[in-house]
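Q: Pasting a structure here, questions to come.
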Amino acid sequence: MDKIASNKINILTFYLIFMVVLGHSYNLASLVIERERDVVYYIEYLFAYEISRAFIGMFFFISGYLFFYNHDFLASTFKTKIQKRFKTLVIPYVLWCSFWFLVVYTIQFVPTFGQFFEETLYEMPIWKQIWLAFVDPVNYPFWFIRELIFYVLLTPLIYLGIKYLKFFFLIALGVLIFLKQPSLLHINNINLFQFYGLFVFSCGAYAAIRKIKLVSYFKPSTYVLILVVWLAFMFLDFYVREIYQETYWLAIACKRVTMLIGFFAIWCIYDVLDRKYKFQNKSIYEYRFFIYAAHGIAMIYFTKIYVQLIGENDFALLLLFFAVPILATVVCIRFAKLMQKITPKVYSLITGSR
């Protein structure tokens, strides 16, 4: 892979993960501000949901691309790559999910913190505890890793689909993302084998197999048009969401199309900014997985605590919405560096040697 494309994946992924952290700092749930839809609500919703939705597809696309990059499509290579993903995906998934489950399980015994939990883990039957630890993890950002593990297991079938059906395979998967049921399975109120993730992962696979370049070179007016179209669809999605239920066909279509256009827009806008500012890899970018894995539970309960303390203060909530993710990212990087120095083998294990 050429240096420009490699840098793009590393740098873009870091900032996308920061935006995921920002999305998880949404602090208006169940407040009057949310119900009355004031300016603060729309600002937070824009960053936490509308813009962040575009990032989901980008992570899956990059994962699909990297799996099939320089792939010779032999059965032995599929086996080797899948085994490697066991180290980089499955082991970190099990370790992080176990860790955060035990953290939540333990602190629920402290009466002061009991008010911040809707359900008490230690009062649940064992099967549900296992479910919340490893299938619908309390470490909620790891739903992405769960889905990615599924898609990796399907990579031989994805390859065959692309080989024999070519672009029509992507069209067939693309149709599925507009269905009312967003996944192959819906069990205990969670969606498993989600169609959107599978579609975008397969698009990344297609790009790698067909050797499609990852860097765009459009005219400046084209980039402006892409951005304008994305903004227009975000506005439309806002409008439709206010009128219709999420399960209505128009709401589903607007949401999915906006996600796809947003994915393409951010992917292209990076290229424009990179050509102007010449982004360089920095050492902090290597901690992106640790940031992703470590921030979720701490973020959500810290948010619940400060919201209870400050109440319906518009300015304070908005300020914290943007400030807390920065603080969380800095803390995660500092802690990751400390672990890397003191216990390098443990750090390597929990990050999949990233």
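Residue numbering restarts at 1 for every chain of the structure tokens, chains are lettered A, B, ... in their displayed order, and ligands are numbered from 1 as they appear.
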Please provide the set of residues having any atom within 8 Å of segment 271-280 of chain A, restricted to only C-alpha atoms, with same-chain residues fewer than 5 positions apart removed, written as an mmCIF file with all heavy atoms, in the first residue's frame.
A:
data_model
loop_
_atom_site.group_PDB
_atom_site.id
_atom_site.type_symbol
_atom_site.label_atom_id
_atom_site.label_comp_id
_atom_site.auth_asym_id
_atom_site.auth_seq_id
_atom_site.Cartn_x
_atom_site.Cartn_y
_atom_site.Cartn_z
ATOM 1 N N ASN A 7 -1.269 6.376 5.258
ATOM 2 C CA ASN A 7 -1.440 7.505 6.173
ATOM 3 C C ASN A 7 -2.912 7.871 6.311
ATOM 4 O O ASN A 7 -3.385 8.194 7.407
ATOM 5 C CB ASN A 7 -0.652 8.717 5.687
ATOM 6 C CG ASN A 7 0.828 8.620 6.016
ATOM 7 O OD1 ASN A 7 1.246 7.742 6.769
ATOM 8 N ND2 ASN A 7 1.623 9.507 5.452
ATOM 9 N N ILE A 11 -4.523 7.979 9.963
ATOM 10 C CA ILE A 11 -4.883 9.298 10.488
ATOM 11 C C ILE A 11 -6.395 9.459 10.561
ATOM 12 O O ILE A 11 -6.948 9.904 11.579
ATOM 13 C CB ILE A 11 -4.263 10.407 9.617
ATOM 14 C CG1 ILE A 11 -2.734 10.327 9.692
ATOM 15 C CG2 ILE A 11 -4.744 11.786 10.067
ATOM 16 C CD1 ILE A 11 -2.016 11.214 8.684
ATOM 17 N N VAL A 215 -7.580 7.185 -2.644
ATOM 18 C CA VAL A 215 -7.443 8.640 -2.627
ATOM 19 C C VAL A 215 -8.190 9.220 -3.824
ATOM 20 O O VAL A 215 -8.023 8.755 -4.955
ATOM 21 C CB VAL A 215 -5.959 9.052 -2.662
ATOM 22 C CG1 VAL A 215 -5.829 10.577 -2.635
ATOM 23 C CG2 VAL A 215 -5.213 8.425 -1.484
ATOM 24 N N SER A 216 -9.015 10.220 -3.574
ATOM 25 C CA SER A 216 -9.810 10.843 -4.636
ATOM 26 C C SER A 216 -9.084 12.045 -5.236
ATOM 27 O O SER A 216 -8.341 12.750 -4.541
ATOM 28 C CB SER A 216 -11.171 11.275 -4.090
ATOM 29 O OG SER A 216 -11.018 12.262 -3.079
ATOM 30 N N TYR A 217 -9.333 12.286 -6.521
ATOM 31 C CA TYR A 217 -8.730 13.431 -7.222
ATOM 32 C C TYR A 217 -9.787 14.095 -8.099
ATOM 33 O O TYR A 217 -9.732 14.050 -9.323
ATOM 34 C CB TYR A 217 -7.547 12.974 -8.083
ATOM 35 C CG TYR A 217 -6.382 12.443 -7.285
ATOM 36 C CD1 TYR A 217 -6.236 11.073 -7.073
ATOM 37 C CD2 TYR A 217 -5.448 13.298 -6.714
ATOM 38 C CE1 TYR A 217 -5.179 10.572 -6.332
ATOM 39 C CE2 TYR A 217 -4.379 12.809 -5.972
ATOM 40 C CZ TYR A 217 -4.250 11.444 -5.779
ATOM 41 O OH TYR A 217 -3.202 10.948 -5.040
#
Q: Might you pull out every residue within 12 Å of segment 72-83 of chain A, with only C-alpha atoms counted and same-chain residues fewer than 4 positions away left off, and present them as a JSON list (two decimals) with all heavy atoms, in the first residue's frame?
A:
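Final output, saved to selection14.json:
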[["chain", "number", "residue", "atom", "x", "y", "z"],
["A", 64, "GLY", "N", -12.84, -4.17, 5.76],
["A", 64, "GLY", "CA", -12.99, -5.03, 4.59],
["A", 64, "GLY", "C", -11.85, -4.86, 3.61],
["A", 64, "GLY", "O", -11.33, -5.85, 3.05],
["A", 66, "LEU", "N", -8.72, -3.82, 4.27],
["A", 66, "LEU", "CA", -7.47, -4.36, 4.81],
["A", 66, "LEU", "C", -7.45, -5.88, 4.80],
["A", 66, "LEU", "O", -6.39, -6.49, 4.61],
["A", 66, "LEU", "CB", -7.25, -3.83, 6.23],
["A", 66, "LEU", "CG", -6.96, -2.32, 6.35],
["A", 66, "LEU", "CD1", -6.82, -1.92, 7.81],
["A", 66, "LEU", "CD2", -5.71, -1.94, 5.57],
["A", 67, "PHE", "N", -8.60, -6.51, 5.01],
["A", 67, "PHE", "CA", -8.63, -7.97, 4.99],
["A", 67, "PHE", "C", -8.27, -8.50, 3.61],
["A", 67, "PHE", "O", -7.54, -9.49, 3.48],
["A", 67, "PHE", "CB", -10.00, -8.50, 5.40],
["A", 67, "PHE", "CG", -10.06, -10.00, 5.52],
["A", 67, "PHE", "CD1", -9.82, -10.61, 6.74],
["A", 67, "PHE", "CD2", -10.30, -10.81, 4.42],
["A", 67, "PHE", "CE1", -9.84, -12.00, 6.87],
["A", 67, "PHE", "CE2", -10.32, -12.19, 4.53],
["A", 67, "PHE", "CZ", -10.09, -12.79, 5.76],
["A", 68, "PHE", "N", -8.76, -7.85, 2.57],
["A", 68, "PHE", "CA", -8.56, -8.36, 1.21],
["A", 68, "PHE", "C", -7.38, -7.70, 0.48],
["A", 68, "PHE", "O", -7.09, -8.08, -0.65],
["A", 68, "PHE", "CB", -9.84, -8.17, 0.38],
["A", 68, "PHE", "CG", -10.90, -9.18, 0.70],
["A", 68, "PHE", "CD1", -11.89, -8.90, 1.63],
["A", 68, "PHE", "CD2", -10.90, -10.43, 0.10],
["A", 68, "PHE", "CE1", -12.86, -9.83, 1.93],
["A", 68, "PHE", "CE2", -11.87, -11.38, 0.39],
["A", 68, "PHE", "CZ", -12.86, -11.07, 1.31],
["A", 87, "LYS", "N", -6.61, -13.08, 16.87],
["A", 87, "LYS", "CA", -5.72, -12.37, 17.79],
["A", 87, "LYS", "C", -6.07, -10.89, 17.89],
["A", 87, "LYS", "O", -6.04, -10.30, 18.99],
["A", 87, "LYS", "CB", -4.27, -12.52, 17.33],
["A", 87, "LYS", "CG", -3.26, -11.77, 18.17],
["A", 87, "LYS", "CD", -1.84, -11.94, 17.63],
["A", 87, "LYS", "CE", -0.84, -11.16, 18.47],
["A", 87, "LYS", "NZ", 0.55, -11.31, 17.93],
["A", 88, "THR", "N", -6.42, -10.27, 16.76],
["A", 88, "THR", "CA", -6.65, -8.83, 16.74],
["A", 88, "THR", "C", -8.08, -8.43, 17.08],
["A", 88, "THR", "O", -8.33, -7.28, 17.45],
["A", 88, "THR", "CB", -6.30, -8.24, 15.36],
["A", 88, "THR", "OG1", -7.12, -8.88, 14.35],
["A", 88, "THR", "CG2", -4.83, -8.47, 15.03],
["A", 89, "LEU", "N", -9.02, -9.37, 16.98],
["A", 89, "LEU", "CA", -10.43, -9.05, 17.24],
["A", 89, "LEU", "C", -11.02, -9.85, 18.41],
["A", 89, "LEU", "O", -11.52, -9.28, 19.37],
["A", 89, "LEU", "CB", -11.27, -9.30, 15.99],
["A", 89, "LEU", "CG", -11.02, -8.41, 14.78],
["A", 89, "LEU", "CD1", -11.87, -8.87, 13.60],
["A", 89, "LEU", "CD2", -11.29, -6.95, 15.09],
["A", 90, "VAL", "N", -10.96, -11.18, 18.31],
["A", 90, "VAL", "CA", -11.67, -12.02, 19.28],
["A", 90, "VAL", "C", -11.06, -11.90, 20.68],
["A", 90, "VAL", "O", -11.80, -11.71, 21.67],
["A", 90, "VAL", "CB", -11.68, -13.49, 18.83],
["A", 90, "VAL", "CG1", -12.37, -14.37, 19.88],
["A", 90, "VAL", "CG2", -12.39, -13.63, 17.49],
["A", 91, "ILE", "N", -9.75, -12.01, 20.78],
["A", 91, "ILE", "CA", -9.11, -11.95, 22.11],
["A", 91, "ILE", "C", -9.34, -10.59, 22.77],
["A", 91, "ILE", "O", -9.78, -10.53, 23.93],
["A", 91, "ILE", "CB", -7.61, -12.29, 22.01],
["A", 91, "ILE", "CG1", -7.44, -13.77, 21.65],
["A", 91, "ILE", "CG2", -6.90, -11.98, 23.34],
["A", 91, "ILE", "CD1", -5.99, -14.19, 21.46],
["A", 148, "LEU", "N", -18.01, -7.18, 13.30],
["A", 148, "LEU", "CA", -16.84, -7.38, 12.45],
["A", 148, "LEU", "C", -16.37, -8.83, 12.49],
["A", 148, "LEU", "O", -15.95, -9.38, 11.46],
["A", 148, "LEU", "CB", -15.72, -6.44, 12.90],
["A", 148, "LEU", "CG", -14.49, -6.33, 11.99],
["A", 148, "LEU", "CD1", -14.90, -5.98, 10.56],
["A", 148, "LEU", "CD2", -13.52, -5.29, 12.54],
["A", 149, "ILE", "N", -16.44, -9.46, 13.65],
["A", 149, "ILE", "CA", -16.08, -10.88, 13.76],
["A", 149, "ILE", "C", -16.98, -11.71, 12.86],
["A", 149, "ILE", "O", -16.51, -12.62, 12.15],
["A", 149, "ILE", "CB", -16.18, -11.35, 15.23],
["A", 149, "ILE", "CG1", -15.08, -10.68, 16.07],
["A", 149, "ILE", "CG2", -16.05, -12.87, 15.32],
["A", 149, "ILE", "CD1", -15.24, -10.88, 17.57],
["A", 150, "PHE", "N", -18.28, -11.41, 12.85],
["A", 150, "PHE", "CA", -19.20, -12.13, 11.97],
["A", 150, "PHE", "C", -18.79, -11.99, 10.51],
["A", 150, "PHE", "O", -18.76, -12.95, 9.75],
["A", 150, "PHE", "CB", -20.63, -11.60, 12.14],
["A", 150, "PHE", "CG", -21.25, -11.89, 13.48],
["A", 150, "PHE", "CD1", -22.25, -11.07, 13.98],
["A", 150, "PHE", "CD2", -20.83, -12.97, 14.24],
["A", 150, "PHE", "CE1", -22.84, -11.34, 15.21],
["A", 150, "PHE", "CE2", -21.41, -13.24, 15.48],
["A", 150, "PHE", "CZ", -22.42, -12.41, 15.96],
["A", 151, "TYR", "N", -18.48, -10.75, 10.10],
["A", 151, "TYR", "CA", -18.17, -10.49, 8.69],
["A", 151, "TYR", "C", -16.87, -11.18, 8.27],
["A", 151, "TYR", "O", -16.76, -11.67, 7.14],
["A", 151, "TYR", "CB", -18.07, -8.99, 8.41],
["A", 151, "TYR", "CG", -19.29, -8.21, 8.84],
["A", 151, "TYR", "CD1", -19.19, -6.86, 9.20],
["A", 151, "TYR", "CD2", -20.55, -8.79, 8.90],
["A", 151, "TYR", "CE1", -20.30, -6.13, 9.59],
["A", 151, "TYR", "CE2", -21.66, -8.07, 9.30],
["A", 151, "TYR", "CZ", -21.53, -6.75, 9.65],
["A", 151, "TYR", "OH", -22.63, -6.03, 10.05],
["A", 152, "VAL", "N", -15.89, -11.21, 9.18],
["A", 152, "VAL", "CA", -14.63, -11.88, 8.88],
["A", 152, "VAL", "C", -14.87, -13.36, 8.61],
["A", 152, "VAL", "O", -14.28, -13.95, 7.70],
["A", 152, "VAL", "CB", -13.62, -11.68, 10.03],
["A", 152, "VAL", "CG1", -12.43, -12.63, 9.88],
["A", 152, "VAL", "CG2", -13.13, -10.24, 10.06],
["A", 153, "LEU", "N", -15.76, -13.97, 9.39],
["A", 153, "LEU", "CA", -16.08, -15.38, 9.18],
["A", 153, "LEU", "C", -16.76, -15.61, 7.82],
["A", 153, "LEU", "O", -16.68, -16.72, 7.27],
["A", 153, "LEU", "CB", -16.98, -15.89, 10.31],
["A", 153, "LEU", "CG", -16.35, -15.93, 11.71],
["A", 153, "LEU", "CD1", -17.39, -16.33, 12.74],
["A", 153, "LEU", "CD2", -15.16, -16.89, 11.75],
["A", 154, "LEU", "N", -17.38, -14.58, 7.30],
["A", 154, "LEU", "CA", -18.08, -14.69, 6.01],
["A", 154, "LEU", "C", -17.20, -14.31, 4.82],
["A", 154, "LEU", "O", -17.68, -14.34, 3.68],
["A", 154, "LEU", "CB", -19.32, -13.78, 6.01],
["A", 154, "LEU", "CG", -20.46, -14.16, 6.96],
["A", 154, "LEU", "CD1", -21.56, -13.11, 6.90],
["A", 154, "LEU", "CD2", -21.02, -15.53, 6.62],
["A", 155, "THR", "N", -15.94, -13.96, 5.06],
["A", 155, "THR", "CA", -15.09, -13.45, 3.97],
["A", 155, "THR", "C", -14.95, -14.41, 2.79],
["A", 155, "THR", "O", -14.92, -13.95, 1.64],
["A", 155, "THR", "CB", -13.69, -13.07, 4.50],
["A", 155, "THR", "OG1", -13.17, -14.14, 5.32],
["A", 155, "THR", "CG2", -13.75, -11.78, 5.30],
["A", 156, "PRO", "N", -14.88, -15.74, 2.98],
["A", 156, "PRO", "CA", -14.82, -16.61, 1.79],
["A", 156, "PRO", "C", -16.06, -16.46, 0.92],
["A", 156, "PRO", "O", -15.97, -16.44, -0.31],
["A", 156, "PRO", "CB", -14.71, -18.02, 2.39],
["A", 156, "PRO", "CG", -14.08, -17.81, 3.72],
["A", 156, "PRO", "CD", -14.67, -16.52, 4.21],
["A", 157, "LEU", "N", -17.24, -16.33, 1.55],
["A", 157, "LEU", "CA", -18.48, -16.16, 0.80],
["A", 157, "LEU", "C", -18.53, -14.79, 0.13],
["A", 157, "LEU", "O", -19.03, -14.65, -1.00],
["A", 157, "LEU", "CB", -19.69, -16.34, 1.72],
["A", 157, "LEU", "CG", -19.85, -17.73, 2.34],
["A", 157, "LEU", "CD1", -21.07, -17.76, 3.27],
["A", 157, "LEU", "CD2", -19.99, -18.78, 1.25],
["A", 158, "ILE", "N", -18.02, -13.78, 0.82],
["A", 158, "ILE", "CA", -17.98, -12.43, 0.24],
["A", 158, "ILE", "C", -17.09, -12.43, -1.01],
["A", 158, "ILE", "O", -17.45, -11.85, -2.04],
["A", 158, "ILE", "CB", -17.47, -11.42, 1.28],
["A", 158, "ILE", "CG1", -18.49, -11.24, 2.40],
["A", 158, "ILE", "CG2", -17.16, -10.06, 0.62],
["A", 158, "ILE", "CD1", -18.01, -10.41, 3.57],
["A", 159, "TYR", "N", -15.97, -13.12, -0.91],
["A", 159, "TYR", "CA", -15.07, -13.21, -2.07],
["A", 159, "TYR", "C", -15.75, -13.89, -3.25],
["A", 159, "TYR", "O", -15.68, -13.42, -4.39],
["A", 159, "TYR", "CB", -13.80, -13.96, -1.70],
["A", 159, "TYR", "CG", -12.98, -14.36, -2.91],
["A", 159, "TYR", "CD1", -12.36, -13.39, -3.71],
["A", 159, "TYR", "CD2", -12.87, -15.70, -3.27],
["A", 159, "TYR", "CE1", -11.65, -13.76, -4.83],
["A", 159, "TYR", "CE2", -12.15, -16.06, -4.39],
["A", 159, "TYR", "CZ", -11.55, -15.09, -5.18],
["A", 159, "TYR", "OH", -10.84, -15.45, -6.30],
["A", 160, "LEU", "N", -16.43, -15.00, -2.98],
["A", 160, "LEU", "CA", -17.12, -15.72, -4.06],
["A", 160, "LEU", "C", -18.22, -14.86, -4.68],
["A", 160, "LEU", "O", -18.42, -14.87, -5.90],
["A", 160, "LEU", "CB", -17.71, -17.03, -3.52],
["A", 160, "LEU", "CG", -16.70, -18.09, -3.10],
["A", 160, "LEU", "CD1", -17.41, -19.28, -2.47],
["A", 160, "LEU", "CD2", -15.86, -18.55, -4.30],
["A", 162, "ILE", "N", -18.27, -11.56, -4.88],
["A", 162, "ILE", "CA", -17.64, -10.54, -5.71],
["A", 162, "ILE", "C", -17.04, -11.15, -6.98],
["A", 162, "ILE", "O", -17.12, -10.56, -8.07],
["A", 162, "ILE", "CB", -16.56, -9.79, -4.90],
["A", 162, "ILE", "CG1", -17.21, -8.99, -3.77],
["A", 162, "ILE", "CG2", -15.72, -8.88, -5.79],
["A", 162, "ILE", "CD1", -16.24, -8.37, -2.80],
["A", 163, "LYS", "N", -16.48, -12.33, -6.84],
["A", 163, "LYS", "CA", -15.84, -12.98, -8.00],
["A", 163, "LYS", "C", -16.84, -13.32, -9.10],
["A", 163, "LYS", "O", -16.60, -13.07, -10.29],
["A", 163, "LYS", "CB", -15.13, -14.25, -7.54],
["A", 163, "LYS", "CG", -14.45, -15.01, -8.68],
["A", 163, "LYS", "CD", -13.74, -16.26, -8.17],
["A", 163, "LYS", "CE", -13.08, -17.03, -9.33],
["A", 163, "LYS", "NZ", -12.40, -18.27, -8.84],
["A", 205, "ALA", "N", -14.01, -4.71, 0.64],
["A", 205, "ALA", "CA", -13.44, -5.91, 0.02],
["A", 205, "ALA", "C", -13.38, -5.75, -1.49],
["A", 205, "ALA", "O", -12.37, -6.08, -2.12],
["A", 205, "ALA", "CB", -14.28, -7.14, 0.39],
["A", 208, "ALA", "N", -10.56, -3.46, -2.55],
["A", 208, "ALA", "CA", -9.24, -4.10, -2.46],
["A", 208, "ALA", "C", -9.05, -5.10, -3.59],
["A", 208, "ALA", "O", -7.98, -5.15, -4.21],
["A", 208, "ALA", "CB", -9.10, -4.79, -1.10],
["A", 209, "ILE", "N", -10.07, -5.92, -3.85],
["A", 209, "ILE", "CA", -9.96, -6.94, -4.89],
["A", 209, "ILE", "C", -9.81, -6.32, -6.27],
["A", 209, "ILE", "O", -9.00, -6.78, -7.09],
["A", 209, "ILE", "CB", -11.20, -7.87, -4.84],
["A", 209, "ILE", "CG1", -11.19, -8.68, -3.54],
["A", 209, "ILE", "CG2", -11.23, -8.80, -6.05],
["A", 209, "ILE", "CD1", -12.48, -9.44, -3.28]]
Q: To one decimal place in Å, what is the distance between atom CA of Val175 of chain A and atom CA of Asp136 of chain A?
A: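 Between atom CA of Val175 of chain A and atom CA of Asp136 of chain A the gap works out to 26.2 Å.
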Q: Which residues of segment 93-200 of chain A have any atom within 8 Å of an atom in segment 281-297 of chain A when counting only C-alpha atoms, and what is the closest pair of atoms for each, with the distance in Å to one decimal? Order the rows by chain and rising number and write it as JSON lines.
A:
{"residue": "A:Trp96", "atom": "CA", "partner": "A:Ala293", "partner_atom": "CA", "distance": 7.0}
{"residue": "A:Trp100", "atom": "CA", "partner": "A:Ile297", "partner_atom": "CA", "distance": 7.2}
{"residue": "A:Val138", "atom": "CA", "partner": "A:Ile297", "partner_atom": "CA", "distance": 7.6}
{"residue": "A:Asn139", "atom": "CA", "partner": "A:Ile297", "partner_atom": "CA", "distance": 6.0}
{"residue": "A:Tyr140", "atom": "CA", "partner": "A:Gly296", "partner_atom": "CA", "distance": 6.9}
{"residue": "A:Pro141", "atom": "CA", "partner": "A:Gly296", "partner_atom": "CA", "distance": 6.3}
{"residue": "A:Phe142", "atom": "CA", "partner": "A:Ala293", "partner_atom": "CA", "distance": 7.4}
Q: If DSSP is run on the backbone, what residues of segment 40-252 of chain A are helix (DSSP H, G or I)? A reply as a PyMOL selection string would be ideal.
A: chain A and resi 40-68+75-107+111-114+121-123+126-134+140-153+155-165+167-176+195-209+220-243+249-252
Q: Would you mind reading off the distance between atom CA of Thr258 of chain A and atom CA of Val32 of chain A, one decimal, in Å?
A: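 Distance reported for this atom pair: 27.6 Å.
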Q: Considering only C-alpha atoms, can you say which of A:Leu320, A:Cys97, A:Ala336, A:Val20 comes closest to Ile145 of chain A?
A: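 Ranked by minimum distance to Ile145 of chain A, first place goes to A:Cys97.
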Q: Between A:Tyr270, A:Phe193, A:Val103, A:His24, which residue has the minimum interatomic distance to Val135 of chain A, considering only C-alpha atoms?
A: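 When distances to Val135 of chain A are compared using only C-alpha atoms, the smallest one comes from A:Phe193.
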Q: Counting only C-alpha atoms, which of A:Met259, A:Ile326, A:Val200, A:Ala133 gets nearest to Val229 of chain A?
A: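 Closest candidate: A:Met259.
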Q: Near Phe201 of chain A, within 6 Å and counting only C-alpha atoms, which residues show up once chain neighbours fewer than 4 positions away are dropped, as a VMD selection string?
A: chain A and resid 60 to 61 64 197
Q: Mind dumping the selected residues with N, CA and C atoms as a PDB file, in the first residue's frame?
A:
ATOM      1  N   PHE A  60     -16.083  -0.083   8.908  1.00  0.00           N
ATOM      2  CA  PHE A  60     -16.320  -1.374   8.256  1.00  0.00           C
ATOM      3  C   PHE A  60     -15.654  -1.433   6.885  1.00  0.00           C
ATOM      4  N   PHE A  61     -15.722  -0.330   6.148  1.00  0.00           N
ATOM      5  CA  PHE A  61     -15.097  -0.280   4.819  1.00  0.00           C
ATOM      6  C   PHE A  61     -13.600  -0.528   4.917  1.00  0.00           C
ATOM      7  N   GLY A  64     -12.839  -4.169   5.759  1.00  0.00           N
ATOM      8  CA  GLY A  64     -12.987  -5.033   4.591  1.00  0.00           C
ATOM      9  C   GLY A  64     -11.845  -4.859   3.613  1.00  0.00           C
ATOM     10  N   GLY A 197     -23.527  -2.888   7.911  1.00  0.00           N
ATOM     11  CA  GLY A 197     -22.118  -3.176   8.143  1.00  0.00           C
ATOM     12  C   GLY A 197     -21.586  -4.175   7.136  1.00  0.00           C
TER      13      GLY A 197
END
Q: At what distance in Å, to one decimal, does atom CA of Thr303 of chain A lie from atom CA of Glu119 of chain A?
A: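 Distance reported for this atom pair: 17.8 Å.
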Q: Would you list the contacts of Ala29 of chain A as a PyMOL selection string, taking every protein, DNA or RNA residue within 12 Å and counting only C-alpha atoms, but skipping same-chain residues closer than 2 positions in sequence?
A: chain A and resi 24-27+31-37+41+44-45+48+300+303-304+307-308+311-312+317
Q: Dump N, CA and C atoms for the selected residues as a PDB file, in the first residue's frame?
A:
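What follows is the written file again36.pdb:
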ATOM      1  N   HIS A  24     -20.529   9.647  21.878  1.00  0.00           N
ATOM      2  CA  HIS A  24     -20.938   8.990  23.112  1.00  0.00           C
ATOM      3  C   HIS A  24     -21.037   9.957  24.285  1.00  0.00           C
ATOM      4  N   SER A  25     -20.693  11.228  24.074  1.00  0.00           N
ATOM      5  CA  SER A  25     -20.799  12.208  25.159  1.00  0.00           C
ATOM      6  C   SER A  25     -22.141  12.937  25.147  1.00  0.00           C
ATOM      7  N   TYR A  26     -23.067  12.484  24.295  1.00  0.00           N
ATOM      8  CA  TYR A  26     -24.415  13.067  24.265  1.00  0.00           C
ATOM      9  C   TYR A  26     -25.001  13.043  25.670  1.00  0.00           C
ATOM     10  N   ASN A  27     -25.446  14.205  26.156  1.00  0.00           N
ATOM     11  CA  ASN A  27     -25.819  14.315  27.573  1.00  0.00           C
ATOM     12  C   ASN A  27     -27.236  14.849  27.807  1.00  0.00           C
ATOM     13  N   LEU A  31     -33.847  14.718  29.246  1.00  0.00           N
ATOM     14  CA  LEU A  31     -33.949  16.065  29.799  1.00  0.00           C
ATOM     15  C   LEU A  31     -35.019  16.861  29.060  1.00  0.00           C
ATOM     16  N   VAL A  32     -35.484  17.939  29.686  1.00  0.00           N
ATOM     17  CA  VAL A  32     -36.468  18.820  29.048  1.00  0.00           C
ATOM     18  C   VAL A  32     -35.901  19.402  27.756  1.00  0.00           C
ATOM     19  N   ILE A  33     -34.604  19.673  27.759  1.00  0.00           N
ATOM     20  CA  ILE A  33     -33.938  20.226  26.573  1.00  0.00           C
ATOM     21  C   ILE A  33     -34.156  19.318  25.370  1.00  0.00           C
ATOM     22  N   GLU A  34     -34.062  18.027  25.578  1.00  0.00           N
ATOM     23  CA  GLU A  34     -34.257  17.064  24.490  1.00  0.00           C
ATOM     24  C   GLU A  34     -35.697  17.059  24.013  1.00  0.00           C
ATOM     25  N   ARG A  35     -36.636  17.106  24.950  1.00  0.00           N
ATOM     26  CA  ARG A  35     -38.048  17.053  24.577  1.00  0.00           C
ATOM     27  C   ARG A  35     -38.507  18.326  23.869  1.00  0.00           C
ATOM     28  N   GLU A  36     -37.943  19.467  24.268  1.00  0.00           N
ATOM     29  CA  GLU A  36     -38.370  20.738  23.683  1.00  0.00           C
ATOM     30  C   GLU A  36     -37.597  21.099  22.413  1.00  0.00           C
ATOM     31  N   ARG A  37     -36.561  20.337  22.092  1.00  0.00           N
ATOM     32  CA  ARG A  37     -35.814  20.511  20.848  1.00  0.00           C
ATOM     33  C   ARG A  37     -35.260  21.944  20.696  1.00  0.00           C
ATOM     34  N   TYR A  41     -29.955  21.084  21.765  1.00  0.00           N
ATOM     35  CA  TYR A  41     -30.312  19.735  21.338  1.00  0.00           C
ATOM     36  C   TYR A  41     -29.879  19.489  19.895  1.00  0.00           C
ATOM     37  N   GLU A  44     -26.025  19.135  19.552  1.00  0.00           N
ATOM     38  CA  GLU A  44     -25.537  17.844  20.047  1.00  0.00           C
ATOM     39  C   GLU A  44     -26.007  16.696  19.159  1.00  0.00           C
ATOM     40  N   TYR A  45     -27.258  16.752  18.714  1.00  0.00           N
ATOM     41  CA  TYR A  45     -27.765  15.674  17.864  1.00  0.00           C
ATOM     42  C   TYR A  45     -27.006  15.631  16.539  1.00  0.00           C
ATOM     43  N   ALA A  48     -23.534  14.072  17.544  1.00  0.00           N
ATOM     44  CA  ALA A  48     -23.594  12.762  18.198  1.00  0.00           C
ATOM     45  C   ALA A  48     -24.269  11.704  17.331  1.00  0.00           C
ATOM     46  N   ILE A 300     -20.092   7.140  29.763  1.00  0.00           N
ATOM     47  CA  ILE A 300     -21.541   7.183  29.964  1.00  0.00           C
ATOM     48  C   ILE A 300     -21.913   7.451  31.421  1.00  0.00           C
ATOM     49  N   THR A 303     -20.940  11.004  32.474  1.00  0.00           N
ATOM     50  CA  THR A 303     -21.955  11.917  31.928  1.00  0.00           C
ATOM     51  C   THR A 303     -23.200  11.922  32.808  1.00  0.00           C
ATOM     52  N   LYS A 304     -23.661  10.752  33.239  1.00  0.00           N
ATOM     53  CA  LYS A 304     -24.849  10.678  34.090  1.00  0.00           C
ATOM     54  C   LYS A 304     -24.638  11.427  35.403  1.00  0.00           C
ATOM     55  N   VAL A 307     -24.520  15.345  34.746  1.00  0.00           N
ATOM     56  CA  VAL A 307     -25.841  15.831  34.354  1.00  0.00           C
ATOM     57  C   VAL A 307     -26.734  15.965  35.580  1.00  0.00           C
ATOM     58  N   GLN A 308     -26.635  14.995  36.484  1.00  0.00           N
ATOM     59  CA  GLN A 308     -27.438  15.068  37.711  1.00  0.00           C
ATOM     60  C   GLN A 308     -27.027  16.265  38.569  1.00  0.00           C
ATOM     61  N   GLY A 311     -27.901  19.725  36.100  1.00  0.00           N
ATOM     62  CA  GLY A 311     -29.287  19.872  35.663  1.00  0.00           C
ATOM     63  C   GLY A 311     -29.441  20.406  34.249  1.00  0.00           C
ATOM     64  N   GLU A 312     -30.462  21.241  34.039  1.00  0.00           N
ATOM     65  CA  GLU A 312     -30.842  21.720  32.698  1.00  0.00           C
ATOM     66  C   GLU A 312     -30.102  23.000  32.315  1.00  0.00           C
ATOM     67  N   LEU A 317     -23.984  22.125  29.678  1.00  0.00           N
ATOM     68  CA  LEU A 317     -24.127  20.829  29.009  1.00  0.00           C
ATOM     69  C   LEU A 317     -23.438  20.821  27.648  1.00  0.00           C
TER      70      LEU A 317
END
